[in-house]
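Q: One structure follows; several queries about it will come next.
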Amino acid sequence: MKRNILFIVFILCTLAGLQAQGYKVGDSATDFKLKNVDNKYVSLSDFSNAKGFIIVFTCNHCPYAKAYEERLVALDKKYKTKGYPVIAINPNDPVAVPADGFEEMQKRAQEAGFTFPYLLDEGQKIYPLYGATRTPHVYVLQKTAKGNIVKYIGAIDDNYEDSSAVKTHYVANVVEALLSGQKVPVDFTKAIGCSIKVK
């Protein structure tokens, strides 16, 4: 009996671990419907002219997330018109981190001049599907006949501290490659940032 219980616990833990891993490069990412800071709901399917998406799990309070705000705006301004808009999602639980509550998101989006949707992952249902673990954590998707295919997972670039010292612009390089029909140079890097907060 005890052996059976341990076996069941092992299986459940294994399944939970597999689920927590989220998407890998080449997987098809699910759509979502999340509330934006303008109180309207946003889905990937709303962007009929998009060629893909720069999905960024980010938040208000994390210093790493704050360090990348201007760079996210720059990425959106550069690639939105070319078919790759930035879609930011706050995965943190507002009870665990009140600074990441919805009203605070609205204030932050205005203060930082966000040019892209800033969505709340209410109930924390979307970030586990993607497998995001940090803020910021980026997923570049390419829209295809088979769905939104994950082409890159990881960091925005190689220097969160100093934008002027960046040597490799991971996300920009991926989008440029996709736009020109070339092979993505690097499809996975380690996301550097704060851990996603849960209750």
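Chains: A, B, ... in order of the structure tokens. Residues: from 1 per chain. Ligands: from 1, in order shown.
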Excluding region 94-100 of chain A and its own-chain neighbours fewer than 2 positions away, which residues fall within 12 Å of it when counting only C-alpha atoms? Please give them as number ranges by chain.

A: A: 58-62, 65, 89-92, 102-109, 118-124, 135, 195-199

Q: Give me, as a PyMOL selection string, all polymer residues having an atom no more than 12 Å from region 44-51 of chain A, counting only C-alpha atoms and skipping those fewer than 5 positions away in the same chain.

A: chain A and resi 29-34+79-88+117+119+140-145+147-149+175+178-181

Q: Near Leu129 (chain A), counting only C-alpha atoms, which residues have an atom at most 10 Å away, once you skip same-chain residues fewer than 2 positions from it, shown as JSON, numbers by chain?

A: {"A": [19, 20, 21, 22, 23, 29, 30, 124, 125, 126, 127, 131, 132]}

Q: DSSP on the backbone, then: every residue of region 32-193 of chain A marked helix (DSSP H, G or I), written as number ranges by chain.

A: A: 44-46, 63-67, 69-79, 98-100, 102-112, 127-130, 163-165, 170-180

Q: So which one's closest to Asn36 (chain A), A:Ala155, A:Asp93, A:Phe116, A:Thr133? Using only C-alpha atoms, please.

A: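 Going through A:Ala155, A:Asp93, A:Phe116, A:Thr133 one by one, the smallest distance to Asn36 (chain A) is for A:Phe116.
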
Q: Would you mind listing what lies within 7 Å of region 66-74 of chain A as a JSON list (two decimals) with N, CA and C atoms, in the first residue's frame, with only C-alpha atoms counted and same-chain residues fewer than 6 positions away left out?

A:
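So out_38.json came out as:
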[["chain", "number", "residue", "atom", "x", "y", "z"],
["A", 60, "ASN", "N", 5.94, 45.21, -12.59],
["A", 60, "ASN", "CA", 6.23, 46.58, -12.16],
["A", 60, "ASN", "C", 7.46, 46.68, -11.27],
["A", 114, "PHE", "N", 4.48, 53.01, -22.15],
["A", 114, "PHE", "CA", 4.36, 51.75, -22.89],
["A", 114, "PHE", "C", 3.55, 51.97, -24.17],
["A", 115, "THR", "N", 4.07, 51.45, -25.26],
["A", 115, "THR", "CA", 3.41, 51.54, -26.57],
["A", 115, "THR", "C", 2.74, 50.23, -26.95],
["A", 160, "TYR", "N", 21.67, 43.46, -18.90],
["A", 160, "TYR", "CA", 20.51, 44.16, -18.34],
["A", 160, "TYR", "C", 20.92, 45.46, -17.66],
["A", 161, "GLU", "N", 22.17, 45.54, -17.19],
["A", 161, "GLU", "CA", 22.61, 46.70, -16.43],
["A", 161, "GLU", "C", 22.83, 47.94, -17.28]]

Q: Could you write out, as an NGL selection string, all the residues of region 57-149 of chain A that DSSP marks as strand (DSSP E)?

A: :A and (57 or 86-90 or 118-120 or 134-135 or 137-144 or 147-149)

Q: Keeping N, CA and C atoms, export the residues of the selection given above as a CSV table (one decimal), in the first residue's frame.

A:
chain,number,residue,atom,x,y,z
A,57,PHE,N,7.0,38.3,-20.5
A,57,PHE,CA,6.5,38.2,-19.1
A,57,PHE,C,7.3,39.2,-18.2
A,86,VAL,N,5.2,43.9,-29.6
A,86,VAL,CA,5.5,43.4,-28.2
A,86,VAL,C,4.2,43.3,-27.5
A,87,ILE,N,4.0,42.1,-26.8
A,87,ILE,CA,2.9,41.9,-25.9
A,87,ILE,C,3.4,41.6,-24.5
A,88,ALA,N,3.2,42.5,-23.6
A,88,ALA,CA,3.8,42.3,-22.2
A,88,ALA,C,2.7,41.7,-21.3
A,89,ILE,N,3.1,40.7,-20.5
A,89,ILE,CA,2.2,40.1,-19.6
A,89,ILE,C,2.8,40.1,-18.2
A,90,ASN,N,2.0,40.6,-17.2
A,90,ASN,CA,2.4,40.5,-15.8
A,90,ASN,C,1.9,39.2,-15.2
A,118,TYR,N,-0.2,45.8,-22.0
A,118,TYR,CA,0.4,45.3,-20.8
A,118,TYR,C,-0.7,44.6,-20.1
A,119,LEU,N,-0.7,43.3,-20.1
A,119,LEU,CA,-1.8,42.4,-19.7
A,119,LEU,C,-1.6,41.7,-18.3
A,120,LEU,N,-2.7,41.5,-17.6
A,120,LEU,CA,-2.6,40.8,-16.3
A,120,LEU,C,-2.9,39.4,-16.5
A,134,ARG,N,10.9,33.9,-14.9
A,134,ARG,CA,11.5,35.1,-14.6
A,134,ARG,C,10.8,36.3,-15.1
A,135,THR,N,11.0,37.5,-14.5
A,135,THR,CA,10.6,38.7,-15.2
A,135,THR,C,11.9,39.6,-15.3
A,137,HIS,N,11.0,37.5,-19.1
A,137,HIS,CA,11.2,36.3,-19.8
A,137,HIS,C,10.5,36.4,-21.2
A,138,VAL,N,11.3,36.2,-22.2
A,138,VAL,CA,10.8,36.5,-23.6
A,138,VAL,C,10.5,35.2,-24.4
A,139,TYR,N,9.4,35.2,-25.2
A,139,TYR,CA,9.1,34.2,-26.1
A,139,TYR,C,8.8,34.9,-27.5
A,140,VAL,N,9.6,34.6,-28.5
A,140,VAL,CA,9.3,35.1,-29.8
A,140,VAL,C,8.5,34.1,-30.6
A,141,LEU,N,7.3,34.4,-31.0
A,141,LEU,CA,6.5,33.5,-31.8
A,141,LEU,C,6.4,33.9,-33.2
A,142,GLN,N,6.3,33.0,-34.1
A,142,GLN,CA,6.1,33.2,-35.6
A,142,GLN,C,4.8,32.6,-36.0
A,143,LYS,N,3.9,33.5,-36.5
A,143,LYS,CA,2.6,33.1,-37.0
A,143,LYS,C,2.7,32.2,-38.2
A,144,THR,N,2.2,31.0,-38.2
A,144,THR,CA,2.3,30.1,-39.4
A,144,THR,C,0.9,29.4,-39.5
A,147,GLY,N,0.0,27.5,-36.5
A,147,GLY,CA,-0.2,28.2,-35.3
A,147,GLY,C,1.0,29.1,-35.0
A,148,ASN,N,1.0,29.6,-33.8
A,148,ASN,CA,2.1,30.5,-33.4
A,148,ASN,C,3.2,29.7,-32.8
A,149,ILE,N,4.3,29.5,-33.6
A,149,ILE,CA,5.4,28.7,-33.3
A,149,ILE,C,6.5,29.4,-32.5

Q: Residues near Pro185 (chain A), anyone? I mean within 12 Å using only C-alpha atoms, not counting same-chain ones fewer than 4 positions away, as an MDAnalysis selection string.

A: chainID A and resid 151:152 168:178 181 189

Q: Just how far from CA of Gln110 (chain A) is CA of Phe53 (chain A), in Å to one decimal?

A: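 Rounded to one decimal, the two atoms are 21.9 Å apart.
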